[in-house]
Amino acid sequence: NIRCGNIIGIYSTDYVNESKSDRVVEESEIDLHLAISHTQLGCTFFALKKYNDAFLEHQAALDIRLHSLEFTDAPISESFNYCAETLCSMENNSDALPLSLHAVHVRKLEFGIRHPAFAHALSVLSKCYQGIHRSSEAF
């Protein structure tokens, strides 16, 4: 029991001595995990053709990621890409186009042109262009 008490005391002392910046980093990590959950739920709604709900979930993930990450980070491009894809399904292709263009640009830089994430971004961009009757630019 004394040993357990000492171990608990060490952990509680470590927690008390933990800096505020460390807790902010932990909160940011928790938020990023929450963003992943929003993305997964958005994909589920998208598969069910509940596009408004899907968009709200993808937008929630994007908001969290924009708060915690750099604008050119891959997870933000993922959220932009999913938002764009959902907007296309809602026939808001002109709103989707700038999001899709950003996703393509970032994914090309982050992953290269042979990565499936880049291919998916190109596919969404193609849908955007086709939706605004600029099919020749989709290729």
# chains A, B, ... in the order shown; residues from 1 in each chain; ligands from 1
call {"tool": "residues_around", "arguments": {"residues": "Ser77 in chain A", "least_positions_apart": "4", "cutoff": "9 Å", "atoms": "only C-alpha atoms", "output": "PyMOL selection string"}}
result
chain A and resi 62+71-73+81-82+99-100+102-107+121
call {"tool": "write_last_selection", "arguments": {"atoms": "C-alpha atoms", "output": "mmCIF file, in the first residue's frame"}}
result
data_model
loop_
_atom_site.group_PDB
_atom_site.id
_atom_site.type_symbol
_atom_site.label_atom_id
_atom_site.label_comp_id
_atom_site.auth_asym_id
_atom_site.auth_seq_id
_atom_site.Cartn_x
_atom_site.Cartn_y
_atom_site.Cartn_z
ATOM 1 C CA LEU A 62 -12.557 21.531 -40.570
ATOM 2 C CA PHE A 71 -3.679 25.993 -43.334
ATOM 3 C CA THR A 72 -1.453 23.825 -45.542
ATOM 4 C CA ASP A 73 -1.462 20.711 -43.334
ATOM 5 C CA ASN A 81 -11.806 17.737 -49.879
ATOM 6 C CA TYR A 82 -14.688 16.117 -47.986
ATOM 7 C CA LEU A 99 -12.015 24.096 -51.428
ATOM 8 C CA SER A 100 -11.204 21.390 -53.925
ATOM 9 C CA HIS A 102 -6.781 23.916 -52.195
ATOM 10 C CA ALA A 103 -7.088 20.221 -51.353
ATOM 11 C CA VAL A 104 -5.473 19.229 -54.661
ATOM 12 C CA HIS A 105 -2.618 21.680 -54.163
ATOM 13 C CA VAL A 106 -1.846 20.581 -50.594
ATOM 14 C CA ARG A 107 -2.210 16.877 -51.297
ATOM 15 C CA ALA A 121 -8.732 15.135 -54.560
#
call {"tool": "select_by_dssp", "arguments": {"residues": "range 47-139 of chain A", "states": "helix (DSSP H, G or I)", "output": "PDB file with N, CA, C and O atoms, in the first residue's frame"}}
result
ATOM      1  N   ALA A  47     -22.529   8.475 -47.128  1.00  0.00           N
ATOM      2  CA  ALA A  47     -22.900   7.180 -47.694  1.00  0.00           C
ATOM      3  C   ALA A  47     -24.403   6.942 -47.631  1.00  0.00           C
ATOM      4  O   ALA A  47     -24.969   6.268 -48.498  1.00  0.00           O
ATOM      5  N   TYR A  51     -26.712  14.480 -47.124  1.00  0.00           N
ATOM      6  CA  TYR A  51     -25.635  15.408 -47.449  1.00  0.00           C
ATOM      7  C   TYR A  51     -25.565  16.623 -46.529  1.00  0.00           C
ATOM      8  O   TYR A  51     -24.465  17.089 -46.210  1.00  0.00           O
ATOM      9  N   ASN A  52     -26.693  17.141 -46.088  1.00  0.00           N
ATOM     10  CA  ASN A  52     -26.659  18.283 -45.161  1.00  0.00           C
ATOM     11  C   ASN A  52     -25.970  17.900 -43.855  1.00  0.00           C
ATOM     12  O   ASN A  52     -25.136  18.645 -43.345  1.00  0.00           O
ATOM     13  N   ASP A  53     -26.338  16.736 -43.327  1.00  0.00           N
ATOM     14  CA  ASP A  53     -25.710  16.260 -42.093  1.00  0.00           C
ATOM     15  C   ASP A  53     -24.232  15.976 -42.317  1.00  0.00           C
ATOM     16  O   ASP A  53     -23.392  16.282 -41.458  1.00  0.00           O
ATOM     17  N   ALA A  54     -23.913  15.397 -43.461  1.00  0.00           N
ATOM     18  CA  ALA A  54     -22.513  15.102 -43.786  1.00  0.00           C
ATOM     19  C   ALA A  54     -21.697  16.391 -43.834  1.00  0.00           C
ATOM     20  O   ALA A  54     -20.594  16.464 -43.276  1.00  0.00           O
ATOM     21  N   PHE A  55     -22.253  17.395 -44.499  1.00  0.00           N
ATOM     22  CA  PHE A  55     -21.532  18.658 -44.613  1.00  0.00           C
ATOM     23  C   PHE A  55     -21.292  19.287 -43.236  1.00  0.00           C
ATOM     24  O   PHE A  55     -20.199  19.788 -42.954  1.00  0.00           O
ATOM     25  N   LEU A  56     -22.294  19.246 -42.369  1.00  0.00           N
ATOM     26  CA  LEU A  56     -22.132  19.810 -41.026  1.00  0.00           C
ATOM     27  C   LEU A  56     -21.021  19.105 -40.251  1.00  0.00           C
ATOM     28  O   LEU A  56     -20.245  19.753 -39.543  1.00  0.00           O
ATOM     29  N   GLU A  57     -20.939  17.789 -40.392  1.00  0.00           N
ATOM     30  CA  GLU A  57     -19.882  17.040 -39.702  1.00  0.00           C
ATOM     31  C   GLU A  57     -18.510  17.362 -40.281  1.00  0.00           C
ATOM     32  O   GLU A  57     -17.539  17.567 -39.531  1.00  0.00           O
ATOM     33  N   HIS A  58     -18.413  17.410 -41.614  1.00  0.00           N
ATOM     34  CA  HIS A  58     -17.127  17.739 -42.230  1.00  0.00           C
ATOM     35  C   HIS A  58     -16.711  19.171 -41.912  1.00  0.00           C
ATOM     36  O   HIS A  58     -15.526  19.453 -41.693  1.00  0.00           O
ATOM     37  N   GLN A  59     -17.680  20.053 -41.838  1.00  0.00           N
ATOM     38  CA  GLN A  59     -17.392  21.440 -41.483  1.00  0.00           C
ATOM     39  C   GLN A  59     -16.925  21.537 -40.024  1.00  0.00           C
ATOM     40  O   GLN A  59     -16.016  22.302 -39.703  1.00  0.00           O
ATOM     41  N   ALA A  60     -17.514  20.741 -39.144  1.00  0.00           N
ATOM     42  CA  ALA A  60     -17.086  20.719 -37.745  1.00  0.00           C
ATOM     43  C   ALA A  60     -15.632  20.234 -37.641  1.00  0.00           C
ATOM     44  O   ALA A  60     -14.832  20.797 -36.886  1.00  0.00           O
ATOM     45  N   ALA A  61     -15.299  19.203 -38.411  1.00  0.00           N
ATOM     46  CA  ALA A  61     -13.918  18.708 -38.421  1.00  0.00           C
ATOM     47  C   ALA A  61     -12.972  19.788 -38.943  1.00  0.00           C
ATOM     48  O   ALA A  61     -11.891  20.009 -38.387  1.00  0.00           O
ATOM     49  N   LEU A  62     -13.384  20.473 -39.999  1.00  0.00           N
ATOM     50  CA  LEU A  62     -12.557  21.531 -40.570  1.00  0.00           C
ATOM     51  C   LEU A  62     -12.342  22.656 -39.557  1.00  0.00           C
ATOM     52  O   LEU A  62     -11.214  23.147 -39.399  1.00  0.00           O
ATOM     53  N   ASP A  63     -13.373  23.068 -38.866  1.00  0.00           N
ATOM     54  CA  ASP A  63     -13.248  24.137 -37.870  1.00  0.00           C
ATOM     55  C   ASP A  63     -12.239  23.771 -36.782  1.00  0.00           C
ATOM     56  O   ASP A  63     -11.404  24.589 -36.391  1.00  0.00           O
ATOM     57  N   ILE A  64     -12.306  22.547 -36.302  1.00  0.00           N
ATOM     58  CA  ILE A  64     -11.366  22.085 -35.269  1.00  0.00           C
ATOM     59  C   ILE A  64      -9.946  22.097 -35.823  1.00  0.00           C
ATOM     60  O   ILE A  64      -9.015  22.584 -35.184  1.00  0.00           O
ATOM     61  N   ARG A  65      -9.790  21.565 -37.015  1.00  0.00           N
ATOM     62  CA  ARG A  65      -8.441  21.480 -37.606  1.00  0.00           C
ATOM     63  C   ARG A  65      -7.872  22.860 -37.904  1.00  0.00           C
ATOM     64  O   ARG A  65      -6.676  23.089 -37.701  1.00  0.00           O
ATOM     65  N   LEU A  66      -8.694  23.781 -38.372  1.00  0.00           N
ATOM     66  CA  LEU A  66      -8.202  25.134 -38.649  1.00  0.00           C
ATOM     67  C   LEU A  66      -7.733  25.823 -37.365  1.00  0.00           C
ATOM     68  O   LEU A  66      -6.819  26.639 -37.396  1.00  0.00           O
ATOM     69  N   HIS A  67      -8.351  25.479 -36.261  1.00  0.00           N
ATOM     70  CA  HIS A  67      -7.974  26.057 -34.971  1.00  0.00           C
ATOM     71  C   HIS A  67      -6.637  25.502 -34.479  1.00  0.00           C
ATOM     72  O   HIS A  67      -5.888  26.198 -33.797  1.00  0.00           O
ATOM     73  N   SER A  68      -6.323  24.251 -34.840  1.00  0.00           N
ATOM     74  CA  SER A  68      -5.161  23.564 -34.273  1.00  0.00           C
ATOM     75  C   SER A  68      -3.978  23.411 -35.221  1.00  0.00           C
ATOM     76  O   SER A  68      -2.871  23.152 -34.767  1.00  0.00           O
ATOM     77  N   ALA A  74      -1.964  18.508 -44.150  1.00  0.00           N
ATOM     78  CA  ALA A  74      -2.740  17.471 -44.837  1.00  0.00           C
ATOM     79  C   ALA A  74      -4.141  17.240 -44.232  1.00  0.00           C
ATOM     80  O   ALA A  74      -5.100  17.091 -44.986  1.00  0.00           O
ATOM     81  N   PRO A  75      -4.300  17.194 -42.907  1.00  0.00           N
ATOM     82  CA  PRO A  75      -5.659  16.982 -42.373  1.00  0.00           C
ATOM     83  C   PRO A  75      -6.645  18.082 -42.767  1.00  0.00           C
ATOM     84  O   PRO A  75      -7.834  17.815 -42.944  1.00  0.00           O
ATOM     85  N   ILE A  76      -6.157  19.307 -42.904  1.00  0.00           N
ATOM     86  CA  ILE A  76      -7.046  20.384 -43.346  1.00  0.00           C
ATOM     87  C   ILE A  76      -7.447  20.161 -44.792  1.00  0.00           C
ATOM     88  O   ILE A  76      -8.608  20.346 -45.169  1.00  0.00           O
ATOM     89  N   SER A  77      -6.498  19.706 -45.615  1.00  0.00           N
ATOM     90  CA  SER A  77      -6.848  19.429 -47.015  1.00  0.00           C
ATOM     91  C   SER A  77      -7.854  18.289 -47.094  1.00  0.00           C
ATOM     92  O   SER A  77      -8.725  18.291 -47.961  1.00  0.00           O
ATOM     93  N   GLU A  78      -7.758  17.336 -46.172  1.00  0.00           N
ATOM     94  CA  GLU A  78      -8.742  16.249 -46.127  1.00  0.00           C
ATOM     95  C   GLU A  78     -10.133  16.819 -45.857  1.00  0.00           C
ATOM     96  O   GLU A  78     -11.106  16.470 -46.541  1.00  0.00           O
ATOM     97  N   SER A  79     -10.226  17.706 -44.877  1.00  0.00           N
ATOM     98  CA  SER A  79     -11.524  18.309 -44.562  1.00  0.00           C
ATOM     99  C   SER A  79     -12.050  19.148 -45.718  1.00  0.00           C
ATOM    100  O   SER A  79     -13.237  19.096 -46.046  1.00  0.00           O
ATOM    101  N   PHE A  80     -11.163  19.923 -46.345  1.00  0.00           N
ATOM    102  CA  PHE A  80     -11.582  20.693 -47.518  1.00  0.00           C
ATOM    103  C   PHE A  80     -12.108  19.768 -48.605  1.00  0.00           C
ATOM    104  O   PHE A  80     -13.123  20.050 -49.248  1.00  0.00           O
ATOM    105  N   ASN A  81     -11.410  18.665 -48.821  1.00  0.00           N
ATOM    106  CA  ASN A  81     -11.806  17.737 -49.879  1.00  0.00           C
ATOM    107  C   ASN A  81     -13.171  17.120 -49.584  1.00  0.00           C
ATOM    108  O   ASN A  81     -14.027  17.039 -50.467  1.00  0.00           O
ATOM    109  N   TYR A  82     -13.386  16.698 -48.336  1.00  0.00           N
ATOM    110  CA  TYR A  82     -14.688  16.117 -47.986  1.00  0.00           C
ATOM    111  C   TYR A  82     -15.801  17.155 -48.037  1.00  0.00           C
ATOM    112  O   TYR A  82     -16.918  16.855 -48.465  1.00  0.00           O
ATOM    113  N   CYS A  83     -15.516  18.376 -47.594  1.00  0.00           N
ATOM    114  CA  CYS A  83     -16.524  19.447 -47.701  1.00  0.00           C
ATOM    115  C   CYS A  83     -16.863  19.688 -49.172  1.00  0.00           C
ATOM    116  O   CYS A  83     -18.040  19.825 -49.533  1.00  0.00           O
ATOM    117  N   ALA A  84     -15.832  19.753 -50.017  1.00  0.00           N
ATOM    118  CA  ALA A  84     -16.056  19.988 -51.448  1.00  0.00           C
ATOM    119  C   ALA A  84     -16.871  18.858 -52.067  1.00  0.00           C
ATOM    120  O   ALA A  84     -17.817  19.106 -52.830  1.00  0.00           O
ATOM    121  N   GLU A  85     -16.527  17.629 -51.740  1.00  0.00           N
ATOM    122  CA  GLU A  85     -17.252  16.481 -52.296  1.00  0.00           C
ATOM    123  C   GLU A  85     -18.722  16.524 -51.885  1.00  0.00           C
ATOM    124  O   GLU A  85     -19.617  16.270 -52.704  1.00  0.00           O
ATOM    125  N   THR A  86     -18.972  16.872 -50.641  1.00  0.00           N
ATOM    126  CA  THR A  86     -20.339  16.940 -50.150  1.00  0.00           C
ATOM    127  C   THR A  86     -21.094  18.091 -50.806  1.00  0.00           C
ATOM    128  O   THR A  86     -22.258  17.939 -51.206  1.00  0.00           O
ATOM    129  N   LEU A  87     -20.437  19.234 -50.941  1.00  0.00           N
ATOM    130  CA  LEU A  87     -21.073  20.367 -51.618  1.00  0.00           C
ATOM    131  C   LEU A  87     -21.434  20.008 -53.061  1.00  0.00           C
ATOM    132  O   LEU A  87     -22.499  20.399 -53.552  1.00  0.00           O
ATOM    133  N   CYS A  88     -20.576  19.262 -53.744  1.00  0.00           N
ATOM    134  CA  CYS A  88     -20.890  18.818 -55.112  1.00  0.00           C
ATOM    135  C   CYS A  88     -22.151  17.953 -55.116  1.00  0.00           C
ATOM    136  O   CYS A  88     -23.003  18.101 -55.995  1.00  0.00           O
ATOM    137  N   SER A  89     -22.256  17.075 -54.139  1.00  0.00           N
ATOM    138  CA  SER A  89     -23.438  16.216 -54.060  1.00  0.00           C
ATOM    139  C   SER A  89     -24.698  17.018 -53.744  1.00  0.00           C
ATOM    140  O   SER A  89     -25.805  16.590 -54.051  1.00  0.00           O
ATOM    141  N   ASN A  93     -21.598  23.280 -56.599  1.00  0.00           N
ATOM    142  CA  ASN A  93     -20.282  23.058 -57.181  1.00  0.00           C
ATOM    143  C   ASN A  93     -19.402  24.301 -57.181  1.00  0.00           C
ATOM    144  O   ASN A  93     -18.191  24.201 -56.972  1.00  0.00           O
ATOM    145  N   SER A  94     -19.975  25.457 -57.401  1.00  0.00           N
ATOM    146  CA  SER A  94     -19.149  26.673 -57.419  1.00  0.00           C
ATOM    147  C   SER A  94     -18.585  26.976 -56.032  1.00  0.00           C
ATOM    148  O   SER A  94     -17.478  27.503 -55.912  1.00  0.00           O
ATOM    149  N   ASP A  95     -19.328  26.645 -54.982  1.00  0.00           N
ATOM    150  CA  ASP A  95     -18.807  26.805 -53.617  1.00  0.00           C
ATOM    151  C   ASP A  95     -17.734  25.769 -53.319  1.00  0.00           C
ATOM    152  O   ASP A  95     -16.812  26.021 -52.533  1.00  0.00           O
ATOM    153  N   ALA A  96     -17.858  24.612 -53.924  1.00  0.00           N
ATOM    154  CA  ALA A  96     -16.922  23.523 -53.674  1.00  0.00           C
ATOM    155  C   ALA A  96     -15.580  23.731 -54.371  1.00  0.00           C
ATOM    156  O   ALA A  96     -14.543  23.272 -53.886  1.00  0.00           O
ATOM    157  N   LEU A  97     -15.588  24.427 -55.501  1.00  0.00           N
ATOM    158  CA  LEU A  97     -14.384  24.540 -56.325  1.00  0.00           C
ATOM    159  C   LEU A  97     -13.164  25.087 -55.583  1.00  0.00           C
ATOM    160  O   LEU A  97     -12.101  24.461 -55.629  1.00  0.00           O
ATOM    161  N   PRO A  98     -13.246  26.222 -54.871  1.00  0.00           N
ATOM    162  CA  PRO A  98     -12.032  26.706 -54.194  1.00  0.00           C
ATOM    163  C   PRO A  98     -11.522  25.751 -53.119  1.00  0.00           C
ATOM    164  O   PRO A  98     -10.308  25.618 -52.926  1.00  0.00           O
ATOM    165  N   LEU A  99     -12.428  25.082 -52.436  1.00  0.00           N
ATOM    166  CA  LEU A  99     -12.015  24.096 -51.428  1.00  0.00           C
ATOM    167  C   LEU A  99     -11.267  22.945 -52.090  1.00  0.00           C
ATOM    168  O   LEU A  99     -10.227  22.488 -51.609  1.00  0.00           O
ATOM    169  N   SER A 100     -11.808  22.497 -53.200  1.00  0.00           N
ATOM    170  CA  SER A 100     -11.204  21.390 -53.925  1.00  0.00           C
ATOM    171  C   SER A 100      -9.838  21.761 -54.493  1.00  0.00           C
ATOM    172  O   SER A 100      -8.892  20.974 -54.430  1.00  0.00           O
ATOM    173  N   LEU A 101      -9.726  22.953 -55.037  1.00  0.00           N
ATOM    174  CA  LEU A 101      -8.440  23.407 -55.573  1.00  0.00           C
ATOM    175  C   LEU A 101      -7.364  23.429 -54.487  1.00  0.00           C
ATOM    176  O   LEU A 101      -6.224  23.014 -54.709  1.00  0.00           O
ATOM    177  N   HIS A 102      -7.740  23.901 -53.308  1.00  0.00           N
ATOM    178  CA  HIS A 102      -6.781  23.916 -52.195  1.00  0.00           C
ATOM    179  C   HIS A 102      -6.386  22.490 -51.799  1.00  0.00           C
ATOM    180  O   HIS A 102      -5.208  22.206 -51.565  1.00  0.00           O
ATOM    181  N   ALA A 103      -7.373  21.609 -51.727  1.00  0.00           N
ATOM    182  CA  ALA A 103      -7.088  20.221 -51.353  1.00  0.00           C
ATOM    183  C   ALA A 103      -6.132  19.571 -52.356  1.00  0.00           C
ATOM    184  O   ALA A 103      -5.193  18.876 -51.966  1.00  0.00           O
ATOM    185  N   VAL A 104      -6.351  19.797 -53.636  1.00  0.00           N
ATOM    186  CA  VAL A 104      -5.473  19.229 -54.661  1.00  0.00           C
ATOM    187  C   VAL A 104      -4.058  19.768 -54.486  1.00  0.00           C
ATOM    188  O   VAL A 104      -3.076  19.004 -54.504  1.00  0.00           O
ATOM    189  N   HIS A 105      -3.935  21.058 -54.304  1.00  0.00           N
ATOM    190  CA  HIS A 105      -2.618  21.680 -54.163  1.00  0.00           C
ATOM    191  C   HIS A 105      -1.853  21.105 -52.961  1.00  0.00           C
ATOM    192  O   HIS A 105      -0.694  20.700 -53.082  1.00  0.00           O
ATOM    193  N   VAL A 106      -2.506  21.064 -51.811  1.00  0.00           N
ATOM    194  CA  VAL A 106      -1.846  20.581 -50.594  1.00  0.00           C
ATOM    195  C   VAL A 106      -1.528  19.100 -50.701  1.00  0.00           C
ATOM    196  O   VAL A 106      -0.422  18.664 -50.352  1.00  0.00           O
ATOM    197  N   ARG A 107      -2.451  18.316 -51.210  1.00  0.00           N
ATOM    198  CA  ARG A 107      -2.210  16.877 -51.297  1.00  0.00           C
ATOM    199  C   ARG A 107      -1.087  16.546 -52.284  1.00  0.00           C
ATOM    200  O   ARG A 107      -0.333  15.617 -52.070  1.00  0.00           O
ATOM    201  N   LYS A 108      -0.973  17.333 -53.325  1.00  0.00           N
ATOM    202  CA  LYS A 108       0.136  17.132 -54.266  1.00  0.00           C
ATOM    203  C   LYS A 108       1.465  17.396 -53.560  1.00  0.00           C
ATOM    204  O   LYS A 108       2.406  16.614 -53.693  1.00  0.00           O
ATOM    205  N   LEU A 109       1.536  18.479 -52.795  1.00  0.00           N
ATOM    206  CA  LEU A 109       2.765  18.815 -52.077  1.00  0.00           C
ATOM    207  C   LEU A 109       3.074  17.818 -50.958  1.00  0.00           C
ATOM    208  O   LEU A 109       4.215  17.415 -50.777  1.00  0.00           O
ATOM    209  N   GLU A 110       2.055  17.444 -50.217  1.00  0.00           N
ATOM    210  CA  GLU A 110       2.255  16.567 -49.048  1.00  0.00           C
ATOM    211  C   GLU A 110       2.518  15.107 -49.423  1.00  0.00           C
ATOM    212  O   GLU A 110       3.336  14.450 -48.793  1.00  0.00           O
ATOM    213  N   PHE A 111       1.789  14.620 -50.438  1.00  0.00           N
ATOM    214  CA  PHE A 111       1.823  13.192 -50.729  1.00  0.00           C
ATOM    215  C   PHE A 111       2.452  12.826 -52.068  1.00  0.00           C
ATOM    216  O   PHE A 111       2.852  11.692 -52.272  1.00  0.00           O
ATOM    217  N   PRO A 116      -2.989   7.867 -53.296  1.00  0.00           N
ATOM    218  CA  PRO A 116      -4.462   7.803 -53.418  1.00  0.00           C
ATOM    219  C   PRO A 116      -5.177   9.062 -52.924  1.00  0.00           C
ATOM    220  O   PRO A 116      -6.226   9.422 -53.462  1.00  0.00           O
ATOM    221  N   ALA A 117      -4.622   9.740 -51.928  1.00  0.00           N
ATOM    222  CA  ALA A 117      -5.262  10.973 -51.432  1.00  0.00           C
ATOM    223  C   ALA A 117      -5.254  12.053 -52.516  1.00  0.00           C
ATOM    224  O   ALA A 117      -6.221  12.804 -52.658  1.00  0.00           O
ATOM    225  N   PHE A 118      -4.185  12.110 -53.295  1.00  0.00           N
ATOM    226  CA  PHE A 118      -4.121  13.066 -54.403  1.00  0.00           C
ATOM    227  C   PHE A 118      -5.120  12.671 -55.488  1.00  0.00           C
ATOM    228  O   PHE A 118      -5.831  13.523 -56.024  1.00  0.00           O
ATOM    229  N   ALA A 119      -5.212  11.382 -55.772  1.00  0.00           N
ATOM    230  CA  ALA A 119      -6.169  10.912 -56.777  1.00  0.00           C
ATOM    231  C   ALA A 119      -7.602  11.231 -56.362  1.00  0.00           C
ATOM    232  O   ALA A 119      -8.414  11.660 -57.187  1.00  0.00           O
ATOM    233  N   HIS A 120      -7.912  11.048 -55.087  1.00  0.00           N
ATOM    234  CA  HIS A 120      -9.254  11.362 -54.601  1.00  0.00           C
ATOM    235  C   HIS A 120      -9.539  12.853 -54.747  1.00  0.00           C
ATOM    236  O   HIS A 120     -10.635  13.258 -55.167  1.00  0.00           O
ATOM    237  N   ALA A 121      -8.556  13.684 -54.425  1.00  0.00           N
ATOM    238  CA  ALA A 121      -8.732  15.135 -54.560  1.00  0.00           C
ATOM    239  C   ALA A 121      -8.968  15.522 -56.018  1.00  0.00           C
ATOM    240  O   ALA A 121      -9.805  16.377 -56.311  1.00  0.00           O
ATOM    241  N   LEU A 122      -8.253  14.893 -56.936  1.00  0.00           N
ATOM    242  CA  LEU A 122      -8.469  15.161 -58.362  1.00  0.00           C
ATOM    243  C   LEU A 122      -9.873  14.749 -58.806  1.00  0.00           C
ATOM    244  O   LEU A 122     -10.499  15.425 -59.615  1.00  0.00           O
ATOM    245  N   SER A 123     -10.329  13.638 -58.269  1.00  0.00           N
ATOM    246  CA  SER A 123     -11.673  13.162 -58.594  1.00  0.00           C
ATOM    247  C   SER A 123     -12.736  14.173 -58.148  1.00  0.00           C
ATOM    248  O   SER A 123     -13.680  14.469 -58.893  1.00  0.00           O
ATOM    249  N   VAL A 124     -12.574  14.700 -56.950  1.00  0.00           N
ATOM    250  CA  VAL A 124     -13.518  15.700 -56.450  1.00  0.00           C
ATOM    251  C   VAL A 124     -13.424  16.973 -57.287  1.00  0.00           C
ATOM    252  O   VAL A 124     -14.450  17.563 -57.646  1.00  0.00           O
ATOM    253  N   LEU A 125     -12.213  17.380 -57.631  1.00  0.00           N
ATOM    254  CA  LEU A 125     -12.039  18.564 -58.471  1.00  0.00           C
ATOM    255  C   LEU A 125     -12.734  18.386 -59.817  1.00  0.00           C
ATOM    256  O   LEU A 125     -13.386  19.303 -60.318  1.00  0.00           O
ATOM    257  N   SER A 126     -12.633  17.198 -60.367  1.00  0.00           N
ATOM    258  CA  SER A 126     -13.309  16.896 -61.631  1.00  0.00           C
ATOM    259  C   SER A 126     -14.824  17.059 -61.499  1.00  0.00           C
ATOM    260  O   SER A 126     -15.477  17.640 -62.365  1.00  0.00           O
ATOM    261  N   LYS A 127     -15.379  16.576 -60.397  1.00  0.00           N
ATOM    262  CA  LYS A 127     -16.816  16.738 -60.146  1.00  0.00           C
ATOM    263  C   LYS A 127     -17.196  18.212 -60.063  1.00  0.00           C
ATOM    264  O   LYS A 127     -18.240  18.619 -60.568  1.00  0.00           O
ATOM    265  N   CYS A 128     -16.348  18.991 -59.415  1.00  0.00           N
ATOM    266  CA  CYS A 128     -16.616  20.432 -59.294  1.00  0.00           C
ATOM    267  C   CYS A 128     -16.688  21.080 -60.668  1.00  0.00           C
ATOM    268  O   CYS A 128     -17.628  21.822 -60.970  1.00  0.00           O
ATOM    269  N   TYR A 129     -15.683  20.809 -61.501  1.00  0.00           N
ATOM    270  CA  TYR A 129     -15.658  21.407 -62.833  1.00  0.00           C
ATOM    271  C   TYR A 129     -16.831  20.938 -63.686  1.00  0.00           C
ATOM    272  O   TYR A 129     -17.450  21.724 -64.404  1.00  0.00           O
ATOM    273  N   GLN A 130     -17.154  19.665 -63.600  1.00  0.00           N
ATOM    274  CA  GLN A 130     -18.299  19.148 -64.370  1.00  0.00           C
ATOM    275  C   GLN A 130     -19.597  19.793 -63.896  1.00  0.00           C
ATOM    276  O   GLN A 130     -20.475  20.099 -64.700  1.00  0.00           O
ATOM    277  N   GLY A 131     -19.706  20.034 -62.593  1.00  0.00           N
ATOM    278  CA  GLY A 131     -20.918  20.632 -62.031  1.00  0.00           C
ATOM    279  C   GLY A 131     -21.131  22.084 -62.427  1.00  0.00           C
ATOM    280  O   GLY A 131     -22.253  22.575 -62.364  1.00  0.00           O
ATOM    281  N   SER A 135     -16.329  21.101 -68.072  1.00  0.00           N
ATOM    282  CA  SER A 135     -15.818  19.730 -68.139  1.00  0.00           C
ATOM    283  C   SER A 135     -14.425  19.639 -68.744  1.00  0.00           C
ATOM    284  O   SER A 135     -13.629  18.786 -68.371  1.00  0.00           O
ATOM    285  N   SER A 136     -14.130  20.521 -69.696  1.00  0.00           N
ATOM    286  CA  SER A 136     -12.808  20.444 -70.328  1.00  0.00           C
ATOM    287  C   SER A 136     -11.691  20.699 -69.330  1.00  0.00           C
ATOM    288  O   SER A 136     -10.587  20.190 -69.483  1.00  0.00           O
ATOM    289  N   GLU A 137     -11.967  21.447 -68.274  1.00  0.00           N
ATOM    290  CA  GLU A 137     -10.962  21.696 -67.239  1.00  0.00           C
ATOM    291  C   GLU A 137     -10.874  20.569 -66.226  1.00  0.00           C
ATOM    292  O   GLU A 137      -9.952  20.534 -65.407  1.00  0.00           O
ATOM    293  N   ALA A 138     -11.819  19.659 -66.294  1.00  0.00           N
ATOM    294  CA  ALA A 138     -11.832  18.530 -65.364  1.00  0.00           C
ATOM    295  C   ALA A 138     -10.754  17.514 -65.688  1.00  0.00           C
ATOM    296  O   ALA A 138     -10.439  16.664 -64.863  1.00  0.00           O
TER     297      ALA A 138
END
call {"tool": "decode", "arguments": {"residues": "range 56-88 of chain A", "atoms": "C-alpha atoms", "output": "PDB file, in the first residue's frame"}}
result
ATOM      1  CA  LEU A  56     -22.132  19.810 -41.026  1.00  0.00           C
ATOM      2  CA  GLU A  57     -19.882  17.040 -39.702  1.00  0.00           C
ATOM      3  CA  HIS A  58     -17.127  17.739 -42.230  1.00  0.00           C
ATOM      4  CA  GLN A  59     -17.392  21.440 -41.483  1.00  0.00           C
ATOM      5  CA  ALA A  60     -17.086  20.719 -37.745  1.00  0.00           C
ATOM      6  CA  ALA A  61     -13.918  18.708 -38.421  1.00  0.00           C
ATOM      7  CA  LEU A  62     -12.557  21.531 -40.570  1.00  0.00           C
ATOM      8  CA  ASP A  63     -13.248  24.137 -37.870  1.00  0.00           C
ATOM      9  CA  ILE A  64     -11.366  22.085 -35.269  1.00  0.00           C
ATOM     10  CA  ARG A  65      -8.441  21.480 -37.606  1.00  0.00           C
ATOM     11  CA  LEU A  66      -8.202  25.134 -38.649  1.00  0.00           C
ATOM     12  CA  HIS A  67      -7.974  26.057 -34.971  1.00  0.00           C
ATOM     13  CA  SER A  68      -5.161  23.564 -34.273  1.00  0.00           C
ATOM     14  CA  LEU A  69      -3.170  23.193 -37.496  1.00  0.00           C
ATOM     15  CA  GLU A  70      -1.569  25.161 -40.283  1.00  0.00           C
ATOM     16  CA  PHE A  71      -3.679  25.993 -43.334  1.00  0.00           C
ATOM     17  CA  THR A  72      -1.453  23.825 -45.542  1.00  0.00           C
ATOM     18  CA  ASP A  73      -1.462  20.711 -43.334  1.00  0.00           C
ATOM     19  CA  ALA A  74      -2.740  17.471 -44.837  1.00  0.00           C
ATOM     20  CA  PRO A  75      -5.659  16.982 -42.373  1.00  0.00           C
ATOM     21  CA  ILE A  76      -7.046  20.384 -43.346  1.00  0.00           C
ATOM     22  CA  SER A  77      -6.848  19.429 -47.015  1.00  0.00           C
ATOM     23  CA  GLU A  78      -8.742  16.249 -46.127  1.00  0.00           C
ATOM     24  CA  SER A  79     -11.524  18.309 -44.562  1.00  0.00           C
ATOM     25  CA  PHE A  80     -11.582  20.693 -47.518  1.00  0.00           C
ATOM     26  CA  ASN A  81     -11.806  17.737 -49.879  1.00  0.00           C
ATOM     27  CA  TYR A  82     -14.688  16.117 -47.986  1.00  0.00           C
ATOM     28  CA  CYS A  83     -16.524  19.447 -47.701  1.00  0.00           C
ATOM     29  CA  ALA A  84     -16.056  19.988 -51.448  1.00  0.00           C
ATOM     30  CA  GLU A  85     -17.252  16.481 -52.296  1.00  0.00           C
ATOM     31  CA  THR A  86     -20.339  16.940 -50.150  1.00  0.00           C
ATOM     32  CA  LEU A  87     -21.073  20.367 -51.618  1.00  0.00           C
ATOM     33  CA  CYS A  88     -20.890  18.818 -55.112  1.00  0.00           C
TER      34      CYS A  88
END
